[in-house]
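> One structure coming up, written as structure tokens, with questions to follow.
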Amino acid sequence: MISTKDHVISRLIRSEDFISGEALSYELHISRAAVNTAVKTLRADGYNIESVTNKGYRLKGRPDQLTLGQIMADLPNGRCDTVHVLSKVDSTNKYLKELAFDGAPSGTVVISDCQTAGRGRLGRSFISPSGTGIYLSYLMRPTIRPELISTVTCWSAVAVADSISSVCGVNPSIKWVNDILINNMKICGILTEMSIEPEIGSISNVIIGIGINVNEIPSDFPEEIRSIASSIRYEGRFNDPILRSPIAAKLIQELDKINSSFPEAHDIYLDRYKSLCSTVGLDVSVVSAHNHTSEVPRTGKVLGLGDDFSLRVLFDDGHEESLHSGEVSIRRL
Ligand code: BTN
């Protein structure tokens, strides 16, 4: 449900000039009193809204808040009808899975300001503090064979990297298979989860879960991951907090593109993935996804990427293999 406040702030963000209270009330089909109340509430929320007699309202500054109103400003009209913005949830993937089982349409999005039980790959948790990151899940219902679905995660990594570079002006790279890095520090992880129709073995739904560290500082991360995890703001050395809503809006648009072009646009996303992947040519150690806690890592050199987004590794014992999953660590020699 989109509130009056969301409509008003979205319209003010889109308008570069003053907009009168009368025009706002006419366009949004609300009373002048409702416009006044919304402006008052927005100011209390930290928005700097100028008001000048005979001219109306103009937005002079906005706080970094992940809200439907701010996200709406950067999306086509009507797109937000299936975007759910929450202030707190256990896991956006879990929440969206429930909506999916209740029949939510393809393209439904859940975004939260924080997660209390964010899920990571390989059964790990994903640190999701409030006020600093973007935790977003996107629902797809593709009619394809389940084996093809792992490539969706690679396509999504391209969507994340391209959204960040276009909104923030920094250029992330991809560490195979789906970690997004800036200055070799992880600023985003992706967890794709799939549900299968048990009787026929076809895909019922796919949930792409994306966690982006936007404004965190090192002390926001537990000590054990501080040497590998960071944020866009910290790595890009931005003085001011980065607005999260424009990144979320751009990411939704990039995921919409994937949703409408999967799997036909394979070659385009493969080329883009190859140009963003920084793992090729590096010395790595590898453990398989199912046995990552107990297995002795195998070391080798990455030769390149296969046409199915696999990682071609020449292991130190002379054996060459194409990996489709697993945990790869970069060895700094
Ligand atoms: C990883 O790097 O291990 C993957 C992390 C994925 C985290 C995101 S945050 C939004 C979505 N909801 C979750 O519970 N997990 C994913």
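Following the order of the structure tokens, chains are lettered A, B, ..., residues in each are numbered from 1, and ligands are numbered from 1.
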Applying 6 Å and only C-alpha atoms, which residues near stretch 146-161 of chain A remain after dropping the ones on its own chain fewer than 4 positions away? List them as a ChimeraX atom specification.

/A:172,178,254,269,273

> Can you write just those residues out, N, CA, C and O atoms, as a CSV table (one decimal), in the first residue's frame?


```csv
chain,number,residue,atom,x,y,z
A,172,PRO,N,32.8,-1.8,-9.6
A,172,PRO,CA,33.1,-3.0,-8.9
A,172,PRO,C,33.5,-4.1,-9.9
A,172,PRO,O,33.3,-4.0,-11.1
A,178,ASN,N,29.8,-15.2,-7.3
A,178,ASN,CA,28.8,-14.1,-7.2
A,178,ASN,C,29.1,-13.1,-6.1
A,178,ASN,O,28.2,-12.6,-5.5
A,254,GLU,N,17.4,-3.2,-13.5
A,254,GLU,CA,18.3,-4.2,-14.1
A,254,GLU,C,17.8,-5.6,-13.9
A,254,GLU,O,18.0,-6.4,-14.8
A,269,TYR,N,25.1,-11.3,-21.4
A,269,TYR,CA,25.4,-11.3,-20.0
A,269,TYR,C,26.7,-12.1,-19.8
A,269,TYR,O,27.5,-11.7,-18.9
A,273,TYR,N,29.8,-10.5,-18.0
A,273,TYR,CA,30.4,-11.2,-16.8
A,273,TYR,C,31.9,-11.4,-17.0
A,273,TYR,O,32.7,-11.1,-16.1
```

> When you look at A:Ile174 with a cut-off of 7 Å (counting only C-alpha atoms), what residues show up, excluding the ones that are within fewer than 6 positions of it in the same chain? I need them as a PyMOL selection string.

chain A and resi 180-181+276-278

> Which residues come within 10 Å of A:Val109, counting only C-alpha atoms, excluding same-chain residues fewer than 6 positions away, as a ChimeraX atom specification?

/A:80-85,92-93,96,99,136-140,207-209,252,255

> Since we have the selection now, will you write its residues out, keeping all heavy atoms, as a short mmCIF file (atom, residue, chain, number, x, y, z; two decimals), in the first residue's frame?


```cif
data_model
loop_
_atom_site.label_atom_id
_atom_site.label_comp_id
_atom_site.auth_asym_id
_atom_site.auth_seq_id
_atom_site.Cartn_x
_atom_site.Cartn_y
_atom_site.Cartn_z
N CYS A 80 6.03 0.17 -8.63
CA CYS A 80 6.11 -0.10 -7.19
C CYS A 80 4.90 -0.84 -6.64
O CYS A 80 4.88 -1.15 -5.43
CB CYS A 80 6.34 1.21 -6.43
SG CYS A 80 8.09 1.58 -6.39
N ASP A 81 3.92 -1.14 -7.49
CA ASP A 81 2.75 -1.88 -6.99
C ASP A 81 3.16 -3.25 -6.44
O ASP A 81 2.47 -3.82 -5.60
CB ASP A 81 1.71 -2.07 -8.11
CG ASP A 81 1.13 -0.74 -8.56
OD1 ASP A 81 1.42 0.28 -7.89
OD2 ASP A 81 0.42 -0.71 -9.58
N THR A 82 4.27 -3.80 -6.95
CA THR A 82 4.73 -5.10 -6.44
C THR A 82 6.10 -4.98 -5.78
O THR A 82 6.91 -5.91 -5.82
CB THR A 82 4.77 -6.16 -7.57
OG1 THR A 82 5.52 -5.62 -8.66
CG2 THR A 82 3.39 -6.57 -8.01
N VAL A 83 6.37 -3.81 -5.18
CA VAL A 83 7.61 -3.63 -4.41
C VAL A 83 7.20 -3.43 -2.94
O VAL A 83 6.43 -2.53 -2.63
CB VAL A 83 8.43 -2.42 -4.91
CG1 VAL A 83 9.64 -2.18 -4.02
CG2 VAL A 83 8.87 -2.63 -6.37
N HIS A 84 7.70 -4.29 -2.06
CA HIS A 84 7.37 -4.20 -0.63
C HIS A 84 8.60 -3.68 0.11
O HIS A 84 9.65 -4.33 0.06
CB HIS A 84 7.01 -5.58 -0.07
CG HIS A 84 5.88 -6.24 -0.81
ND1 HIS A 84 4.63 -6.41 -0.27
CD2 HIS A 84 5.82 -6.77 -2.06
CE1 HIS A 84 3.84 -7.01 -1.15
NE2 HIS A 84 4.55 -7.24 -2.25
N VAL A 85 8.47 -2.54 0.76
CA VAL A 85 9.61 -1.99 1.51
C VAL A 85 9.33 -2.12 3.01
O VAL A 85 8.31 -1.62 3.50
CB VAL A 85 9.88 -0.51 1.12
CG1 VAL A 85 11.10 0.02 1.87
CG2 VAL A 85 10.11 -0.38 -0.38
N THR A 92 14.70 -11.25 3.86
CA THR A 92 13.85 -10.87 2.72
C THR A 92 13.60 -12.07 1.82
O THR A 92 12.53 -12.19 1.22
CB THR A 92 14.49 -9.72 1.91
OG1 THR A 92 15.82 -10.10 1.52
CG2 THR A 92 14.53 -8.43 2.68
N ASN A 93 14.58 -12.99 1.71
CA ASN A 93 14.36 -14.20 0.90
C ASN A 93 13.22 -15.03 1.48
O ASN A 93 12.36 -15.51 0.76
CB ASN A 93 15.64 -15.06 0.88
CG ASN A 93 16.56 -14.70 -0.29
OD1 ASN A 93 16.51 -13.57 -0.79
ND2 ASN A 93 17.38 -15.64 -0.71
N LEU A 96 9.85 -13.26 0.99
CA LEU A 96 9.39 -13.32 -0.40
C LEU A 96 8.95 -14.73 -0.77
O LEU A 96 8.03 -14.92 -1.56
CB LEU A 96 10.48 -12.80 -1.35
CG LEU A 96 10.11 -12.72 -2.83
CD1 LEU A 96 8.83 -11.91 -3.07
CD2 LEU A 96 11.24 -12.08 -3.65
N LEU A 99 5.44 -14.96 0.17
CA LEU A 99 4.58 -14.26 -0.80
C LEU A 99 4.45 -15.08 -2.08
O LEU A 99 3.37 -15.16 -2.68
CB LEU A 99 5.17 -12.88 -1.16
CG LEU A 99 5.24 -11.81 -0.07
CD1 LEU A 99 5.76 -10.50 -0.65
CD2 LEU A 99 3.86 -11.56 0.55
N LEU A 136 17.70 -7.00 -0.54
CA LEU A 136 16.65 -7.02 -1.57
C LEU A 136 16.48 -8.43 -2.12
O LEU A 136 17.46 -9.11 -2.40
CB LEU A 136 17.08 -6.05 -2.67
CG LEU A 136 16.18 -5.84 -3.89
CD1 LEU A 136 16.36 -4.42 -4.44
CD2 LEU A 136 16.43 -6.85 -4.99
N SER A 137 15.22 -8.84 -2.26
CA SER A 137 14.94 -10.14 -2.88
C SER A 137 13.98 -9.93 -4.05
O SER A 137 13.05 -9.11 -3.96
CB SER A 137 14.32 -11.11 -1.88
OG SER A 137 15.24 -11.36 -0.84
N TYR A 138 14.23 -10.67 -5.13
CA TYR A 138 13.48 -10.49 -6.38
C TYR A 138 12.94 -11.84 -6.81
O TYR A 138 13.67 -12.83 -6.84
CB TYR A 138 14.44 -9.94 -7.45
CG TYR A 138 13.78 -9.54 -8.74
CD1 TYR A 138 13.51 -8.21 -9.02
CD2 TYR A 138 13.44 -10.50 -9.70
CE1 TYR A 138 12.91 -7.83 -10.22
CE2 TYR A 138 12.84 -10.13 -10.89
CZ TYR A 138 12.58 -8.79 -11.14
OH TYR A 138 11.99 -8.42 -12.34
N LEU A 139 11.65 -11.88 -7.16
CA LEU A 139 11.00 -13.14 -7.53
C LEU A 139 10.92 -13.31 -9.04
O LEU A 139 10.46 -12.42 -9.76
CB LEU A 139 9.56 -13.15 -6.96
CG LEU A 139 8.67 -14.32 -7.34
CD1 LEU A 139 9.20 -15.64 -6.78
CD2 LEU A 139 7.24 -14.08 -6.85
N MET A 140 11.40 -14.48 -9.51
CA MET A 140 11.25 -14.84 -10.92
C MET A 140 10.50 -16.16 -11.01
O MET A 140 10.61 -16.99 -10.11
CB MET A 140 12.64 -15.04 -11.57
CG MET A 140 13.28 -13.77 -12.08
SD MET A 140 14.95 -14.05 -12.75
CE MET A 140 14.64 -14.99 -14.23
N ILE A 207 14.17 -17.15 -6.20
CA ILE A 207 14.30 -15.91 -5.44
C ILE A 207 15.77 -15.50 -5.45
O ILE A 207 16.64 -16.26 -5.02
CB ILE A 207 13.76 -16.08 -4.01
CG1 ILE A 207 12.23 -16.20 -4.12
CG2 ILE A 207 14.16 -14.92 -3.12
CD1 ILE A 207 11.53 -16.56 -2.87
N ILE A 208 16.01 -14.33 -6.01
CA ILE A 208 17.39 -13.81 -6.06
C ILE A 208 17.54 -12.86 -4.88
O ILE A 208 16.86 -11.82 -4.82
CB ILE A 208 17.64 -13.05 -7.38
CG1 ILE A 208 17.29 -13.92 -8.58
CG2 ILE A 208 19.09 -12.56 -7.46
CD1 ILE A 208 17.10 -13.13 -9.86
N GLY A 209 18.39 -13.21 -3.91
CA GLY A 209 18.57 -12.37 -2.72
C GLY A 209 19.90 -11.65 -2.80
O GLY A 209 20.95 -12.27 -3.00
N ILE A 252 16.45 -2.77 -9.32
CA ILE A 252 15.15 -3.35 -9.71
C ILE A 252 15.00 -3.30 -11.23
O ILE A 252 14.59 -4.28 -11.87
CB ILE A 252 13.97 -2.61 -9.02
CG1 ILE A 252 14.00 -2.88 -7.51
CG2 ILE A 252 12.63 -3.01 -9.63
CD1 ILE A 252 13.04 -2.03 -6.70
N LEU A 255 17.22 -5.93 -12.79
CA LEU A 255 16.67 -7.28 -12.58
C LEU A 255 15.44 -7.50 -13.45
O LEU A 255 15.21 -8.61 -13.95
CB LEU A 255 16.37 -7.50 -11.10
CG LEU A 255 17.61 -7.56 -10.19
CD1 LEU A 255 17.22 -7.48 -8.71
CD2 LEU A 255 18.44 -8.83 -10.43
#
```

> Quick one: residues within 8 Å of ligand 1, with only C-alpha atoms and all ligand atoms, as a short mmCIF file (atom, residue, chain, number, x, y, z; two decimals) with all heavy atoms, in the first residue's frame?


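Written out: result18.cif:
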```cif
data_model
loop_
_atom_site.label_atom_id
_atom_site.label_comp_id
_atom_site.auth_asym_id
_atom_site.auth_seq_id
_atom_site.Cartn_x
_atom_site.Cartn_y
_atom_site.Cartn_z
N ASP A 90 13.13 -10.84 9.27
CA ASP A 90 14.16 -11.83 9.54
C ASP A 90 15.05 -12.01 8.30
O ASP A 90 16.26 -11.85 8.35
CB ASP A 90 13.56 -13.17 10.03
CG ASP A 90 12.40 -13.67 9.18
OD1 ASP A 90 12.06 -13.01 8.18
OD2 ASP A 90 11.84 -14.73 9.52
N SER A 91 14.43 -12.34 7.16
CA SER A 91 15.18 -12.48 5.91
C SER A 91 14.25 -12.12 4.76
O SER A 91 13.11 -12.61 4.70
CB SER A 91 15.65 -13.94 5.77
OG SER A 91 15.82 -14.28 4.40
N THR A 92 14.70 -11.25 3.86
CA THR A 92 13.85 -10.87 2.72
C THR A 92 13.60 -12.07 1.82
O THR A 92 12.53 -12.19 1.22
CB THR A 92 14.49 -9.72 1.91
OG1 THR A 92 15.82 -10.10 1.52
CG2 THR A 92 14.53 -8.43 2.68
N ASN A 93 14.58 -12.99 1.71
CA ASN A 93 14.36 -14.20 0.90
C ASN A 93 13.22 -15.03 1.48
O ASN A 93 12.36 -15.51 0.76
CB ASN A 93 15.64 -15.06 0.88
CG ASN A 93 16.56 -14.70 -0.29
OD1 ASN A 93 16.51 -13.57 -0.79
ND2 ASN A 93 17.38 -15.64 -0.71
N LYS A 94 13.25 -15.19 2.80
CA LYS A 94 12.23 -16.01 3.46
C LYS A 94 10.85 -15.35 3.31
O LYS A 94 9.86 -16.02 2.99
CB LYS A 94 12.60 -16.16 4.95
CG LYS A 94 11.70 -17.04 5.75
CD LYS A 94 12.37 -17.39 7.09
CE LYS A 94 11.38 -18.08 8.00
NZ LYS A 94 10.64 -17.12 8.85
N ILE A 111 12.26 -5.41 -0.07
CA ILE A 111 13.48 -4.70 0.35
C ILE A 111 13.33 -4.40 1.83
O ILE A 111 12.25 -4.03 2.28
CB ILE A 111 13.61 -3.34 -0.39
CG1 ILE A 111 13.58 -3.56 -1.90
CG2 ILE A 111 14.88 -2.61 0.01
CD1 ILE A 111 13.62 -2.27 -2.69
N GLN A 115 17.91 -6.81 8.48
CA GLN A 115 17.46 -8.19 8.63
C GLN A 115 17.98 -8.72 9.95
O GLN A 115 19.13 -8.47 10.33
CB GLN A 115 18.02 -9.08 7.52
CG GLN A 115 17.58 -8.72 6.11
CD GLN A 115 18.12 -9.69 5.06
OE1 GLN A 115 17.37 -10.37 4.39
NE2 GLN A 115 19.43 -9.74 4.93
N ALA A 117 17.88 -12.10 10.59
CA ALA A 117 18.44 -13.44 10.33
C ALA A 117 18.77 -13.56 8.83
O ALA A 117 18.28 -14.46 8.15
CB ALA A 117 17.45 -14.51 10.75
N GLY A 118 19.57 -12.59 8.33
CA GLY A 118 19.96 -12.59 6.92
C GLY A 118 20.72 -13.86 6.59
O GLY A 118 21.59 -14.28 7.34
N ARG A 119 20.37 -14.49 5.46
CA ARG A 119 20.97 -15.77 5.09
C ARG A 119 22.04 -15.57 4.03
O ARG A 119 21.85 -14.84 3.06
CB ARG A 119 19.90 -16.70 4.52
CG ARG A 119 18.69 -16.83 5.42
CD ARG A 119 18.02 -18.17 5.27
NE ARG A 119 17.20 -18.27 4.08
CZ ARG A 119 15.92 -18.64 4.11
NH1 ARG A 119 15.33 -18.90 5.26
NH2 ARG A 119 15.23 -18.77 3.01
N GLY A 120 23.19 -16.25 4.20
CA GLY A 120 24.24 -16.21 3.21
C GLY A 120 24.40 -17.57 2.54
O GLY A 120 23.64 -18.51 2.84
N ARG A 121 25.35 -17.68 1.65
CA ARG A 121 25.60 -18.96 0.98
C ARG A 121 26.21 -19.95 1.97
O ARG A 121 26.75 -19.56 3.00
CB ARG A 121 26.58 -18.76 -0.19
CG ARG A 121 25.97 -18.07 -1.39
CD ARG A 121 27.01 -17.85 -2.46
NE ARG A 121 27.47 -19.09 -3.07
CZ ARG A 121 28.75 -19.43 -3.20
NH1 ARG A 121 29.70 -18.63 -2.75
NH2 ARG A 121 29.07 -20.56 -3.77
N LEU A 122 26.14 -21.22 1.64
CA LEU A 122 26.76 -22.30 2.40
C LEU A 122 26.33 -22.29 3.87
O LEU A 122 27.13 -22.55 4.77
CB LEU A 122 28.29 -22.21 2.30
CG LEU A 122 28.88 -22.11 0.89
CD1 LEU A 122 30.37 -21.86 0.93
CD2 LEU A 122 28.57 -23.36 0.08
N ARG A 124 25.78 -19.89 5.82
CA ARG A 124 26.30 -18.82 6.69
C ARG A 124 25.22 -17.77 6.92
O ARG A 124 24.20 -17.76 6.24
CB ARG A 124 27.51 -18.15 6.02
CG ARG A 124 28.66 -19.12 5.82
CD ARG A 124 29.87 -18.40 5.21
NE ARG A 124 30.92 -19.36 4.95
CZ ARG A 124 31.57 -19.48 3.80
NH1 ARG A 124 31.29 -18.69 2.79
NH2 ARG A 124 32.52 -20.38 3.65
N SER A 125 25.50 -16.84 7.86
CA SER A 125 24.55 -15.74 8.03
C SER A 125 25.10 -14.51 7.28
O SER A 125 26.28 -14.47 6.94
CB SER A 125 24.32 -15.43 9.50
OG SER A 125 25.55 -15.12 10.10
N PHE A 126 24.23 -13.56 7.01
CA PHE A 126 24.67 -12.34 6.33
C PHE A 126 24.37 -11.15 7.24
O PHE A 126 23.22 -10.89 7.59
CB PHE A 126 23.94 -12.18 4.98
CG PHE A 126 24.50 -11.08 4.13
CD1 PHE A 126 25.67 -11.26 3.40
CD2 PHE A 126 23.86 -9.85 4.06
CE1 PHE A 126 26.20 -10.23 2.62
CE2 PHE A 126 24.38 -8.81 3.28
CZ PHE A 126 25.56 -9.01 2.56
N SER A 128 23.36 -7.83 8.56
CA SER A 128 22.43 -6.90 7.90
C SER A 128 21.96 -5.80 8.84
O SER A 128 20.78 -5.71 9.20
CB SER A 128 21.20 -7.68 7.40
OG SER A 128 21.56 -8.90 6.78
N ILE A 134 21.50 -2.44 1.72
CA ILE A 134 20.29 -2.77 0.96
C ILE A 134 20.15 -4.29 0.98
O ILE A 134 21.07 -5.00 0.57
CB ILE A 134 20.40 -2.31 -0.51
CG1 ILE A 134 20.59 -0.80 -0.61
CG2 ILE A 134 19.16 -2.74 -1.31
CD1 ILE A 134 20.93 -0.31 -2.02
N TYR A 135 19.01 -4.77 1.46
CA TYR A 135 18.73 -6.21 1.49
C TYR A 135 17.50 -6.41 0.62
O TYR A 135 16.40 -5.95 0.98
CB TYR A 135 18.53 -6.70 2.94
CG TYR A 135 19.61 -6.09 3.83
CD1 TYR A 135 19.32 -5.11 4.75
CD2 TYR A 135 20.95 -6.43 3.62
CE1 TYR A 135 20.33 -4.49 5.49
CE2 TYR A 135 21.96 -5.83 4.35
CZ TYR A 135 21.64 -4.85 5.27
OH TYR A 135 22.64 -4.23 5.97
N LEU A 136 17.70 -7.00 -0.54
CA LEU A 136 16.65 -7.02 -1.57
C LEU A 136 16.48 -8.43 -2.12
O LEU A 136 17.46 -9.11 -2.40
CB LEU A 136 17.08 -6.05 -2.67
CG LEU A 136 16.18 -5.84 -3.89
CD1 LEU A 136 16.36 -4.42 -4.44
CD2 LEU A 136 16.43 -6.85 -4.99
N SER A 137 15.22 -8.84 -2.26
CA SER A 137 14.94 -10.14 -2.88
C SER A 137 13.98 -9.93 -4.05
O SER A 137 13.05 -9.11 -3.96
CB SER A 137 14.32 -11.11 -1.88
OG SER A 137 15.24 -11.36 -0.84
N ASN A 178 29.77 -15.18 -7.33
CA ASN A 178 28.79 -14.10 -7.20
C ASN A 178 29.09 -13.11 -6.08
O ASN A 178 28.17 -12.58 -5.48
CB ASN A 178 27.39 -14.68 -7.03
CG ASN A 178 27.30 -15.63 -5.86
OD1 ASN A 178 28.29 -15.77 -5.15
ND2 ASN A 178 26.16 -16.25 -5.64
N ASP A 179 30.36 -12.89 -5.79
CA ASP A 179 30.69 -11.83 -4.82
C ASP A 179 31.06 -10.57 -5.61
O ASP A 179 31.78 -10.65 -6.60
CB ASP A 179 31.90 -12.22 -3.95
CG ASP A 179 31.53 -13.24 -2.89
OD1 ASP A 179 30.32 -13.45 -2.66
OD2 ASP A 179 32.45 -13.83 -2.29
N CYS A 188 29.16 -6.94 -1.64
CA CYS A 188 27.82 -7.50 -1.91
C CYS A 188 27.90 -9.01 -2.08
O CYS A 188 28.87 -9.53 -2.63
CB CYS A 188 27.27 -6.86 -3.19
SG CYS A 188 25.82 -7.69 -3.85
N GLY A 189 26.87 -9.69 -1.59
CA GLY A 189 26.74 -11.13 -1.81
C GLY A 189 25.36 -11.44 -2.38
O GLY A 189 24.41 -10.68 -2.16
N ILE A 190 25.28 -12.56 -3.09
CA ILE A 190 24.00 -12.95 -3.72
C ILE A 190 23.68 -14.39 -3.33
O ILE A 190 24.55 -15.27 -3.40
CB ILE A 190 24.08 -12.84 -5.26
CG1 ILE A 190 24.52 -11.42 -5.67
CG2 ILE A 190 22.74 -13.19 -5.90
CD1 ILE A 190 24.75 -11.26 -7.16
N LEU A 191 22.44 -14.60 -2.92
CA LEU A 191 21.98 -15.96 -2.60
C LEU A 191 20.71 -16.25 -3.41
O LEU A 191 19.67 -15.63 -3.16
CB LEU A 191 21.68 -16.06 -1.10
CG LEU A 191 21.04 -17.37 -0.63
CD1 LEU A 191 22.03 -18.52 -0.74
CD2 LEU A 191 20.54 -17.24 0.80
N THR A 192 20.83 -17.15 -4.38
CA THR A 192 19.66 -17.50 -5.19
C THR A 192 19.06 -18.79 -4.64
O THR A 192 19.78 -19.78 -4.44
CB THR A 192 20.08 -17.71 -6.66
OG1 THR A 192 20.76 -16.55 -7.10
CG2 THR A 192 18.87 -17.93 -7.55
N ILE A 208 16.01 -14.33 -6.01
CA ILE A 208 17.39 -13.81 -6.06
C ILE A 208 17.54 -12.86 -4.88
O ILE A 208 16.86 -11.82 -4.82
CB ILE A 208 17.64 -13.05 -7.38
CG1 ILE A 208 17.29 -13.92 -8.58
CG2 ILE A 208 19.09 -12.56 -7.46
CD1 ILE A 208 17.10 -13.13 -9.86
N GLY A 209 18.39 -13.21 -3.91
CA GLY A 209 18.57 -12.37 -2.72
C GLY A 209 19.90 -11.65 -2.80
O GLY A 209 20.95 -12.27 -3.00
N ILE A 210 19.85 -10.33 -2.66
CA ILE A 210 21.06 -9.52 -2.84
C ILE A 210 21.28 -8.64 -1.60
O ILE A 210 20.37 -7.92 -1.17
CB ILE A 210 20.89 -8.62 -4.10
CG1 ILE A 210 20.71 -9.52 -5.34
CG2 ILE A 210 22.08 -7.68 -4.27
CD1 ILE A 210 20.32 -8.77 -6.60
N GLY A 211 22.45 -8.72 -1.02
CA GLY A 211 22.79 -7.88 0.13
C GLY A 211 23.93 -6.97 -0.25
O GLY A 211 25.02 -7.45 -0.59
N ILE A 212 23.70 -5.65 -0.23
CA ILE A 212 24.75 -4.69 -0.61
C ILE A 212 25.14 -3.86 0.60
O ILE A 212 24.28 -3.24 1.26
CB ILE A 212 24.28 -3.74 -1.74
CG1 ILE A 212 23.68 -4.52 -2.92
CG2 ILE A 212 25.45 -2.87 -2.23
CD1 ILE A 212 23.17 -3.64 -4.06
#
```

> Restricting the calculation to only C-alpha atoms, which member of A:Lys257, A:Lys5, A:Lys88, A:Arg141 is positioned closest to A:Asn36?

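Nearest candidate to A:Asn36 out of A:Lys257, A:Lys5, A:Lys88, A:Arg141: A:Lys5.
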
> Go through stretch 48-264 of chain A and collect every residue that DSSP, computed from the backbone, puts in strand (DSSP E); the answer should be as a ChimeraX atom specification.

/A:48-52,56-61,83-86,109-112,133-140,173-175,179-182,185-196,203-213

> Write out as a PyMOL selection string the residues lying within 10 Å of A:Ala38, counting only C-alpha atoms and excluding same-chain residues fewer than 6 positions away.

chain A and resi 3-9+32+44

> From the DSSP assignment of the backbone, select every residue of stretch 216-264 of chain A that is alpha helix (DSSP H), and format the answer as a list in words.

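For stretch 216-264 of chain A, the alpha helix (DSSP H) set is Ile232, Arg233, Tyr234, Glu235, Gly236, Arg244, Ser245, Pro246, Ile247, Ala248, Ala249, Lys250, Leu251, Ile252, Gln253, Glu254, Leu255, Asp256, Lys257, Ile258, Asn259, Ser260 and Ser261 of chain A.
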
> At a cut-off of 6 Å, using only C-alpha atoms, what residues contact stretch 238-247 of chain A? Leave out same-chain residues fewer than 5 positions from it and give the result as a VMD selection string.

chain A and resid 64 66 70 to 71 233

> Using only C-alpha atoms, determine which residues lie at most 6 Å from A:Ser322, disregarding the query and same-chain residues fewer than 5 positions distant; provide the list as number ranges by chain.

A: 310-312
